[in-house]
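Colleague: Next comes the structure file upload.csv, holding CSV, C-alpha atoms (C1' of nucleotides).
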```csv
chain,number,residue,atom,x,y,z
A,128,MET,CA,-21.8,30.5,-5.1
A,129,ASP,CA,-23.5,27.5,-6.7
A,130,ASN,CA,-26.7,27.4,-8.6
A,131,LYS,CA,-28.7,26.0,-5.8
A,132,LYS,CA,-27.8,29.0,-3.8
A,133,ILE,CA,-28.6,31.4,-6.6
A,134,GLU,CA,-31.9,29.7,-6.9
A,135,LYS,CA,-32.6,30.0,-3.2
A,136,ILE,CA,-31.7,33.7,-3.0
A,137,SER,CA,-33.8,34.4,-6.2
A,138,ARG,CA,-36.8,32.7,-4.6
A,139,ALA,CA,-36.3,34.6,-1.4
A,140,LEU,CA,-36.4,37.8,-3.5
A,141,SER,CA,-39.5,36.8,-5.5
A,142,ASP,CA,-42.1,38.1,-3.1
A,143,ALA,CA,-43.4,41.6,-2.5
A,144,ASN,CA,-43.4,41.3,1.3
A,145,ARG,CA,-39.8,40.1,1.4
A,146,ILE,CA,-38.7,42.8,-1.0
A,147,ALA,CA,-40.4,45.4,1.3
A,148,ILE,CA,-38.6,43.9,4.3
A,149,LEU,CA,-35.2,44.3,2.6
A,150,GLN,CA,-35.9,47.8,1.5
A,151,GLN,CA,-36.8,48.8,5.0
A,152,PHE,CA,-33.2,48.5,5.9
A,153,LYS,CA,-32.4,51.6,3.9
A,154,LYS,CA,-34.7,53.6,6.3
A,155,LYS,CA,-33.5,52.0,9.5
A,156,LYS,CA,-29.8,52.5,9.8
A,157,ASP,CA,-28.2,49.2,10.6
A,158,CYS,CA,-30.7,46.7,11.9
A,159,LEU,CA,-34.4,45.8,11.9
A,160,TYR,CA,-36.3,44.3,14.8
A,161,CYS,CA,-38.7,41.5,14.3
A,162,ALA,CA,-41.5,43.6,15.8
A,163,GLU,CA,-40.8,46.4,13.3
A,164,VAL,CA,-41.3,44.0,10.5
A,165,ASN,CA,-44.6,42.9,12.0
A,166,ASP,CA,-45.7,46.6,12.0
A,167,LEU,CA,-44.5,47.1,8.4
A,168,LEU,CA,-46.4,44.3,6.8
A,169,ASP,CA,-50.1,43.8,6.6
A,170,LEU,CA,-49.9,40.1,7.7
A,171,THR,CA,-50.3,38.1,10.8
A,172,GLN,CA,-47.3,37.4,13.0
A,173,PRO,CA,-46.8,33.8,11.8
A,174,SER,CA,-46.9,34.9,8.2
A,175,VAL,CA,-44.2,37.5,8.9
A,176,SER,CA,-42.2,34.9,10.7
A,177,HIS,CA,-42.4,32.7,7.6
A,178,HIS,CA,-41.1,35.4,5.4
A,179,LEU,CA,-38.3,36.3,7.7
A,180,LYS,CA,-37.4,32.6,7.8
A,181,GLN,CA,-37.0,32.5,4.0
A,182,LEU,CA,-34.7,35.5,4.1
A,183,VAL,CA,-32.6,34.0,6.9
A,184,ASP,CA,-32.5,30.6,5.1
A,185,ALA,CA,-31.2,32.3,2.1
A,186,GLU,CA,-28.7,34.1,4.4
A,187,LEU,CA,-29.8,37.5,3.2
A,188,LEU,CA,-30.6,38.3,6.8
A,189,LEU,CA,-28.5,37.5,9.8
A,190,PRO,CA,-30.6,37.0,13.0
A,191,GLN,CA,-29.3,38.2,16.4
A,192,LYS,CA,-31.1,37.2,19.6
A,193,GLU,CA,-31.4,40.0,22.1
A,194,GLY,CA,-33.2,38.6,25.2
A,195,ARG,CA,-36.7,37.8,24.0
A,196,ASN,CA,-36.4,40.1,21.0
A,197,LEU,CA,-34.8,39.3,17.7
A,198,LYS,CA,-33.1,41.7,15.4
A,199,TYR,CA,-31.8,41.2,11.9
A,200,VAL,CA,-28.9,42.7,9.9
A,201,LEU,CA,-28.6,42.6,6.2
A,202,ASN,CA,-25.9,40.2,4.9
A,203,GLN,CA,-24.2,42.5,2.5
A,204,GLN,CA,-21.6,39.8,1.6
A,205,VAL,CA,-24.2,37.4,0.3
A,206,LEU,CA,-25.9,40.2,-1.6
A,207,ASP,CA,-22.6,41.0,-3.2
A,208,ASP,CA,-21.9,37.4,-4.1
A,209,TYR,CA,-25.3,37.1,-5.7
A,210,ILE,CA,-24.7,40.3,-7.6
A,211,THR,CA,-21.4,39.0,-8.8
A,212,CYS,CA,-23.1,35.8,-10.1
A,213,LEU,CA,-25.6,37.9,-12.0
A,214,ASN,CA,-22.8,40.0,-13.5
A,215,ASP,CA,-21.1,36.8,-14.6
A,216,LEU,CA,-24.2,36.0,-16.7
A,217,LYS,CA,-23.2,38.9,-19.0
A,218,GLU,CA,-20.5,39.1,-21.7
B,181,MET,CA,-37.6,49.5,-11.8
B,182,ASP,CA,-40.5,49.0,-9.6
B,183,ASN,CA,-41.0,46.3,-7.0
B,184,LYS,CA,-43.4,44.3,-9.2
B,185,LYS,CA,-40.7,44.0,-11.8
B,186,ILE,CA,-38.0,43.1,-9.2
B,187,GLU,CA,-40.4,40.4,-8.0
B,188,LYS,CA,-41.0,39.1,-11.5
B,189,ILE,CA,-37.3,39.0,-12.4
B,190,SER,CA,-36.4,37.3,-9.1
B,191,ARG,CA,-39.1,34.7,-9.7
B,192,ALA,CA,-37.8,34.1,-13.3
B,193,LEU,CA,-34.3,33.5,-11.7
B,194,SER,CA,-35.6,31.1,-9.0
B,195,ASP,CA,-35.5,27.9,-11.0
B,196,ALA,CA,-32.5,25.7,-11.8
B,197,ASN,CA,-33.5,25.1,-15.4
B,198,ARG,CA,-33.9,28.8,-16.1
B,199,ILE,CA,-30.5,29.6,-14.4
B,200,ALA,CA,-29.0,26.9,-16.7
B,201,ILE,CA,-30.5,28.6,-19.7
B,202,LEU,CA,-29.0,32.0,-18.8
B,203,GLN,CA,-25.6,30.5,-18.0
B,204,GLN,CA,-25.6,28.9,-21.4
B,205,PHE,CA,-25.2,32.3,-23.0
B,206,LYS,CA,-21.7,32.5,-21.7
B,207,LYS,CA,-20.8,29.5,-23.7
B,208,LYS,CA,-22.5,30.5,-26.9
B,209,LYS,CA,-21.3,33.9,-27.9
B,210,ASP,CA,-24.3,36.2,-28.6
B,211,CYS,CA,-27.5,34.2,-28.9
B,212,LEU,CA,-29.2,30.9,-28.2
B,213,TYR,CA,-31.6,29.0,-30.4
B,214,CYS,CA,-34.7,27.5,-28.9
B,215,ALA,CA,-33.7,24.1,-30.2
B,216,GLU,CA,-30.3,24.4,-28.4
B,217,VAL,CA,-32.3,25.0,-25.2
B,218,ASN,CA,-34.3,21.9,-25.8
B,219,ASP,CA,-31.1,19.9,-26.1
B,220,LEU,CA,-29.6,21.5,-23.0
B,221,LEU,CA,-32.4,20.7,-20.6
B,222,ASP,CA,-33.8,17.3,-19.6
B,223,LEU,CA,-37.4,18.3,-20.2
B,224,THR,CA,-40.0,17.9,-22.8
B,225,GLN,CA,-40.4,20.6,-25.4
B,226,PRO,CA,-43.5,22.2,-23.9
B,227,SER,CA,-41.8,22.5,-20.5
B,228,VAL,CA,-38.8,24.2,-22.1
B,229,SER,CA,-41.2,26.5,-23.9
B,230,HIS,CA,-42.8,27.3,-20.5
B,231,HIS,CA,-39.4,28.2,-19.0
B,232,LEU,CA,-38.4,30.4,-21.9
B,233,LYS,CA,-41.7,32.2,-21.7
B,234,GLN,CA,-41.0,33.1,-18.0
B,235,LEU,CA,-37.6,34.5,-19.0
B,236,VAL,CA,-39.1,36.5,-21.9
B,237,ASP,CA,-42.0,37.7,-19.8
B,238,ALA,CA,-39.4,39.0,-17.3
B,239,GLU,CA,-37.6,40.6,-20.3
B,240,LEU,CA,-34.4,38.8,-19.4
B,241,LEU,CA,-34.5,37.3,-22.9
B,242,LEU,CA,-35.4,39.0,-26.1
B,243,PRO,CA,-36.9,36.6,-28.7
B,244,GLN,CA,-36.1,37.0,-32.4
B,245,LYS,CA,-38.0,35.1,-35.0
B,246,GLU,CA,-35.9,33.6,-37.8
B,247,GLY,CA,-38.1,31.8,-40.2
B,248,ARG,CA,-39.5,28.9,-38.3
B,249,ASN,CA,-36.7,29.1,-35.8
B,250,LEU,CA,-36.5,31.3,-32.8
B,251,LYS,CA,-33.4,32.7,-31.2
B,252,TYR,CA,-32.9,34.6,-28.0
B,253,VAL,CA,-30.5,37.3,-26.9
B,254,LEU,CA,-29.8,38.2,-23.3
B,255,ASN,CA,-31.2,41.5,-22.3
B,256,GLN,CA,-28.2,43.0,-20.5
B,257,GLN,CA,-30.0,46.3,-19.8
B,258,VAL,CA,-32.7,44.6,-17.7
B,259,LEU,CA,-30.1,42.5,-15.9
B,260,ASP,CA,-28.1,45.7,-15.2
B,261,ASP,CA,-31.2,47.5,-13.9
B,262,TYR,CA,-32.0,44.6,-11.6
B,263,ILE,CA,-28.5,44.6,-10.3
B,264,THR,CA,-28.7,48.3,-9.6
B,265,CYS,CA,-31.9,47.7,-7.5
B,266,LEU,CA,-30.1,45.0,-5.5
B,267,ASN,CA,-27.1,47.3,-4.9
B,268,ASP,CA,-29.6,50.0,-3.7
B,269,LEU,CA,-30.6,47.6,-0.9
B,270,LYS,CA,-27.2,48.1,0.6
B,271,GLU,CA,-25.7,51.1,2.6
C,36,DC,C1',-43.4,30.7,40.2
C,37,DA,C1',-47.3,32.8,37.5
C,38,DT,C1',-48.1,36.0,34.0
C,39,DT,C1',-47.0,38.5,30.1
C,40,DT,C1',-44.4,39.4,25.8
C,41,DA,C1',-41.9,38.0,21.7
C,42,DT,C1',-41.2,34.7,18.3
C,43,DA,C1',-41.8,29.9,16.3
C,44,DT,C1',-44.2,25.8,14.8
C,45,DA,C1',-48.0,22.7,13.2
C,46,DG,C1',-51.6,22.0,10.2
C,47,DA,C1',-54.9,23.1,6.8
C,48,DA,C1',-57.0,25.9,3.0
C,49,DA,C1',-56.1,28.6,-0.9
C,50,DC,C1',-53.4,29.6,-4.6
C,51,DA,C1',-49.4,29.3,-7.9
C,52,DT,C1',-45.9,26.7,-10.4
C,53,DT,C1',-43.9,22.8,-12.9
C,54,DT,C1',-44.4,19.1,-15.9
C,55,DG,C1',-46.0,16.2,-19.6
C,56,DA,C1',-49.4,14.3,-23.1
C,57,DA,C1',-52.1,15.8,-26.7
C,58,DT,C1',-52.8,19.1,-30.0
C,59,DA,C1',-52.5,23.5,-32.6
C,60,DT,C1',-49.9,26.9,-35.2
C,61,DT,C1',-46.4,28.6,-38.2
C,62,DT,C1',-43.1,28.2,-41.7
C,63,DA,C1',-40.1,25.8,-44.8
C,64,DA,C1',-39.4,22.1,-48.0
C,65,DA,C1',-40.6,18.5,-51.2
D,101,DT,C1',-50.1,21.9,-51.9
D,102,DT,C1',-49.1,18.2,-49.0
D,103,DT,C1',-45.7,17.0,-45.7
D,104,DA,C1',-42.3,17.8,-42.2
D,105,DA,C1',-40.1,20.7,-38.6
D,106,DA,C1',-40.1,24.2,-35.0
D,107,DT,C1',-42.5,26.3,-31.5
D,108,DA,C1',-46.8,27.4,-28.7
D,109,DT,C1',-51.1,26.3,-26.3
D,110,DT,C1',-54.4,23.6,-23.6
D,111,DC,C1',-55.4,20.9,-19.8
D,112,DA,C1',-54.7,18.2,-15.9
D,113,DA,C1',-51.8,16.0,-12.3
D,114,DA,C1',-48.3,16.7,-9.0
D,115,DT,C1',-45.9,19.7,-6.2
D,116,DG,C1',-44.7,24.0,-3.8
D,117,DT,C1',-45.9,28.5,-1.6
D,118,DT,C1',-48.6,31.6,1.1
D,119,DT,C1',-51.6,32.6,4.6
D,120,DC,C1',-54.3,31.9,8.6
D,121,DT,C1',-55.8,29.9,13.3
D,122,DA,C1',-54.3,27.6,17.1
D,123,DT,C1',-50.8,26.4,19.9
D,124,DA,C1',-46.0,26.0,21.6
D,125,DT,C1',-41.6,27.8,23.3
D,126,DA,C1',-38.6,31.1,25.4
D,127,DA,C1',-37.5,35.0,28.0
D,128,DA,C1',-38.6,38.9,31.0
D,129,DT,C1',-41.4,40.8,34.7
D,130,DG,C1',-44.3,41.0,38.8
```
How does this structure look as structure tokens?
Modeller:
Amino acid sequence: MDNKKIEKISRALSDANRIAILQQFKKKKDCLYCAEVNDLLDLTQPSVSHHLKQLVDAELLLPQKEGRNLKYVLNQQVLDDYITCLNDLKE
Amino acid sequence: MDNKKIEKISRALSDANRIAILQQFKKKKDCLYCAEVNDLLDLTQPSVSHHLKQLVDAELLLPQKEGRNLKYVLNQQVLDDYITCLNDLKE
DNA sequence: CATTTATATAGAAACATTTGAATATTTAAA
DNA sequence: TTTAAATATTCAAATGTTTCTATATAAATG
């Protein structure tokens, strides 16, 4: 993972609303629907859409179209790769 | 570690110059001098000072005054706590 | 096919971050 | 104790981010 990617993921994680979205995955078992995120956050729909876009662009979330709905799954691989980079900062 | 802290650390990590500073610790053994960071980055001294401040405010770096010099050590504990929070996002 | 539902995009206002020039502060050295 | 060196602060310009309103697109339903 190069530094541009580390930067992008860090930026995606640097917002209270986006952290809340990611933490919501612990409560829902495997996936989160777009509409559920709209309910979760105290923001308008376009603002939520913007935040989800940041997380998808950073590849922390993987979007899956289901008819006219959209669901997201957490990309554990990217999260693991990011954590590995952070661990590499040590020693 | 609360969400405000996660947000602050993430933001500190969301800049190419600050990532470069942290990575420089791998090359130097235990600490980095302020003047070394000035040499490392292609920025004016006040800009470097600004970036170091962000890292110190996030507690990723611990500053130690040595006469009129200033050296930094990496705060491995904070980095570990942050990584733990990221790991908690999974499962 | 017209309507409704779900999500995205455009554009603008508000706010935050980054950067550098100028200057201040602190400490060592002459 | 004046001068030089290292770092910090102030301020403003440039840039980037967040949020909203309004509108567009896409897909399902009647």
Colleague: Put chain B on top of chain A with a least-squares fit on all C-alpha atoms, paired in order, and send it back as a PDB file with C-alpha atoms, in the coordinates of the input.
Modeller:
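After the write, part_26.pdb holds the following:
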```pdb
ATOM      1  CA  MET B 181     -21.863  30.491  -5.205  1.00  0.00           C
ATOM      2  CA  ASP B 182     -23.448  27.537  -6.709  1.00  0.00           C
ATOM      3  CA  ASN B 183     -26.648  27.392  -8.718  1.00  0.00           C
ATOM      4  CA  LYS B 184     -28.677  25.949  -5.820  1.00  0.00           C
ATOM      5  CA  LYS B 185     -27.823  28.981  -3.767  1.00  0.00           C
ATOM      6  CA  ILE B 186     -28.564  31.415  -6.664  1.00  0.00           C
ATOM      7  CA  GLU B 187     -31.930  29.661  -6.954  1.00  0.00           C
ATOM      8  CA  LYS B 188     -32.619  29.940  -3.246  1.00  0.00           C
ATOM      9  CA  ILE B 189     -31.676  33.626  -3.063  1.00  0.00           C
ATOM     10  CA  SER B 190     -33.736  34.452  -6.172  1.00  0.00           C
ATOM     11  CA  ARG B 191     -36.722  32.648  -4.675  1.00  0.00           C
ATOM     12  CA  ALA B 192     -36.282  34.569  -1.340  1.00  0.00           C
ATOM     13  CA  LEU B 193     -36.354  37.833  -3.465  1.00  0.00           C
ATOM     14  CA  SER B 194     -39.474  36.831  -5.466  1.00  0.00           C
ATOM     15  CA  ASP B 195     -42.105  38.059  -3.053  1.00  0.00           C
ATOM     16  CA  ALA B 196     -43.345  41.616  -2.509  1.00  0.00           C
ATOM     17  CA  ASN B 197     -43.439  41.343   1.264  1.00  0.00           C
ATOM     18  CA  ARG B 198     -39.871  40.090   1.449  1.00  0.00           C
ATOM     19  CA  ILE B 199     -38.653  42.875  -0.970  1.00  0.00           C
ATOM     20  CA  ALA B 200     -40.422  45.351   1.390  1.00  0.00           C
ATOM     21  CA  ILE B 201     -38.561  43.910   4.323  1.00  0.00           C
ATOM     22  CA  LEU B 202     -35.151  44.315   2.641  1.00  0.00           C
ATOM     23  CA  GLN B 203     -35.947  47.836   1.449  1.00  0.00           C
ATOM     24  CA  GLN B 204     -36.801  48.751   4.992  1.00  0.00           C
ATOM     25  CA  PHE B 205     -33.154  48.471   5.943  1.00  0.00           C
ATOM     26  CA  LYS B 206     -32.406  51.568   3.986  1.00  0.00           C
ATOM     27  CA  LYS B 207     -34.660  53.506   6.216  1.00  0.00           C
ATOM     28  CA  LYS B 208     -33.472  52.087   9.488  1.00  0.00           C
ATOM     29  CA  LYS B 209     -29.758  52.483   9.705  1.00  0.00           C
ATOM     30  CA  ASP B 210     -28.127  49.119  10.601  1.00  0.00           C
ATOM     31  CA  CYS B 211     -30.718  46.636  11.809  1.00  0.00           C
ATOM     32  CA  LEU B 212     -34.394  45.781  11.962  1.00  0.00           C
ATOM     33  CA  TYR B 213     -36.328  44.312  14.845  1.00  0.00           C
ATOM     34  CA  CYS B 214     -38.773  41.532  14.211  1.00  0.00           C
ATOM     35  CA  ALA B 215     -41.523  43.569  15.805  1.00  0.00           C
ATOM     36  CA  GLU B 216     -40.801  46.471  13.367  1.00  0.00           C
ATOM     37  CA  VAL B 217     -41.325  43.940  10.552  1.00  0.00           C
ATOM     38  CA  ASN B 218     -44.625  42.935  11.992  1.00  0.00           C
ATOM     39  CA  ASP B 219     -45.726  46.557  11.982  1.00  0.00           C
ATOM     40  CA  LEU B 220     -44.464  47.116   8.444  1.00  0.00           C
ATOM     41  CA  LEU B 221     -46.350  44.306   6.774  1.00  0.00           C
ATOM     42  CA  ASP B 222     -50.111  43.720   6.594  1.00  0.00           C
ATOM     43  CA  LEU B 223     -49.877  40.111   7.707  1.00  0.00           C
ATOM     44  CA  THR B 224     -50.351  38.114  10.785  1.00  0.00           C
ATOM     45  CA  GLN B 225     -47.360  37.401  12.966  1.00  0.00           C
ATOM     46  CA  PRO B 226     -46.853  33.805  11.855  1.00  0.00           C
ATOM     47  CA  SER B 227     -46.842  34.853   8.189  1.00  0.00           C
ATOM     48  CA  VAL B 228     -44.210  37.500   8.907  1.00  0.00           C
ATOM     49  CA  SER B 229     -42.223  34.868  10.755  1.00  0.00           C
ATOM     50  CA  HIS B 230     -42.503  32.637   7.640  1.00  0.00           C
ATOM     51  CA  HIS B 231     -41.150  35.424   5.400  1.00  0.00           C
ATOM     52  CA  LEU B 232     -38.251  36.221   7.682  1.00  0.00           C
ATOM     53  CA  LYS B 233     -37.344  32.572   7.839  1.00  0.00           C
ATOM     54  CA  GLN B 234     -37.053  32.464   3.980  1.00  0.00           C
ATOM     55  CA  LEU B 235     -34.731  35.484   4.087  1.00  0.00           C
ATOM     56  CA  VAL B 236     -32.604  33.949   6.876  1.00  0.00           C
ATOM     57  CA  ASP B 237     -32.550  30.562   5.207  1.00  0.00           C
ATOM     58  CA  ALA B 238     -31.199  32.336   2.088  1.00  0.00           C
ATOM     59  CA  GLU B 239     -28.666  34.069   4.407  1.00  0.00           C
ATOM     60  CA  LEU B 240     -29.813  37.463   3.203  1.00  0.00           C
ATOM     61  CA  LEU B 241     -30.575  38.272   6.846  1.00  0.00           C
ATOM     62  CA  LEU B 242     -28.535  37.432   9.859  1.00  0.00           C
ATOM     63  CA  PRO B 243     -30.658  37.011  13.035  1.00  0.00           C
ATOM     64  CA  GLN B 244     -29.362  38.207  16.408  1.00  0.00           C
ATOM     65  CA  LYS B 245     -31.101  37.273  19.583  1.00  0.00           C
ATOM     66  CA  GLU B 246     -31.490  40.077  22.129  1.00  0.00           C
ATOM     67  CA  GLY B 247     -33.243  38.802  25.152  1.00  0.00           C
ATOM     68  CA  ARG B 248     -36.705  37.953  24.023  1.00  0.00           C
ATOM     69  CA  ASN B 249     -36.356  40.207  21.036  1.00  0.00           C
ATOM     70  CA  LEU B 250     -34.805  39.383  17.750  1.00  0.00           C
ATOM     71  CA  LYS B 251     -33.065  41.738  15.393  1.00  0.00           C
ATOM     72  CA  TYR B 252     -31.770  41.250  11.902  1.00  0.00           C
ATOM     73  CA  VAL B 253     -28.857  42.669   9.963  1.00  0.00           C
ATOM     74  CA  LEU B 254     -28.546  42.576   6.201  1.00  0.00           C
ATOM     75  CA  ASN B 255     -25.926  40.227   4.990  1.00  0.00           C
ATOM     76  CA  GLN B 256     -24.154  42.432   2.442  1.00  0.00           C
ATOM     77  CA  GLN B 257     -21.567  39.745   1.598  1.00  0.00           C
ATOM     78  CA  VAL B 258     -24.228  37.312   0.338  1.00  0.00           C
ATOM     79  CA  LEU B 259     -25.978  40.082  -1.579  1.00  0.00           C
ATOM     80  CA  ASP B 260     -22.603  41.046  -3.131  1.00  0.00           C
ATOM     81  CA  ASP B 261     -21.866  37.427  -4.079  1.00  0.00           C
ATOM     82  CA  TYR B 262     -25.267  37.092  -5.710  1.00  0.00           C
ATOM     83  CA  ILE B 263     -24.709  40.241  -7.637  1.00  0.00           C
ATOM     84  CA  THR B 264     -21.369  38.975  -8.847  1.00  0.00           C
ATOM     85  CA  CYS B 265     -23.099  35.776 -10.182  1.00  0.00           C
ATOM     86  CA  LEU B 266     -25.646  37.912 -12.047  1.00  0.00           C
ATOM     87  CA  ASN B 267     -22.876  40.081 -13.555  1.00  0.00           C
ATOM     88  CA  ASP B 268     -21.122  36.811 -14.658  1.00  0.00           C
ATOM     89  CA  LEU B 269     -24.192  36.082 -16.813  1.00  0.00           C
ATOM     90  CA  LYS B 270     -23.220  38.975 -18.991  1.00  0.00           C
ATOM     91  CA  GLU B 271     -20.408  39.325 -21.678  1.00  0.00           C
TER      92      GLU B 271
END
```
Colleague: List the spatial neighbours of DA124 of chain D as a tab-separated table (two decimals) with C-alpha atoms (C1' of nucleotides), in the coordinates of the input - criterion: any atom at most 12 Å away, all atoms listed in the file, same-chain residues fewer than 3 positions off excluded.
Modeller:
```
chain	number	residue	atom	x	y	z
C	42	DT	C1'	-41.20	34.70	18.30
C	43	DA	C1'	-41.80	29.90	16.30
C	44	DT	C1'	-44.20	25.80	14.80
C	45	DA	C1'	-48.00	22.70	13.20
```
Colleague: Taking all atoms listed in the file into account, name the residue in A:Leu170, A:Ile133, A:Val200, A:Cys161 that is nearest to chain B.
Modeller: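 The answer is A:Ile133, which sits nearest to chain B.
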Colleague: Given the point (-27.5, 44.2, -5.8) in the file's coordinates, find the residues that have an atom at most 12 Å from it, counting all atoms listed in the file, and give them as a ChimeraX atom specification.
Modeller: /A:136-137,140,149-150,187,202-214 /B:186,190,259-271
Colleague: One decimal, in Å: what's the spacing between atom CA of Phe205 of chain B and atom CA of Lys251 of chain B?
Modeller: 11.6 Å
Colleague: Atom C1' of DA56 of chain C and atom C1' of DA114 of chain D, how far apart in Å?
Modeller: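 These atoms are spaced 14.3 Å apart.
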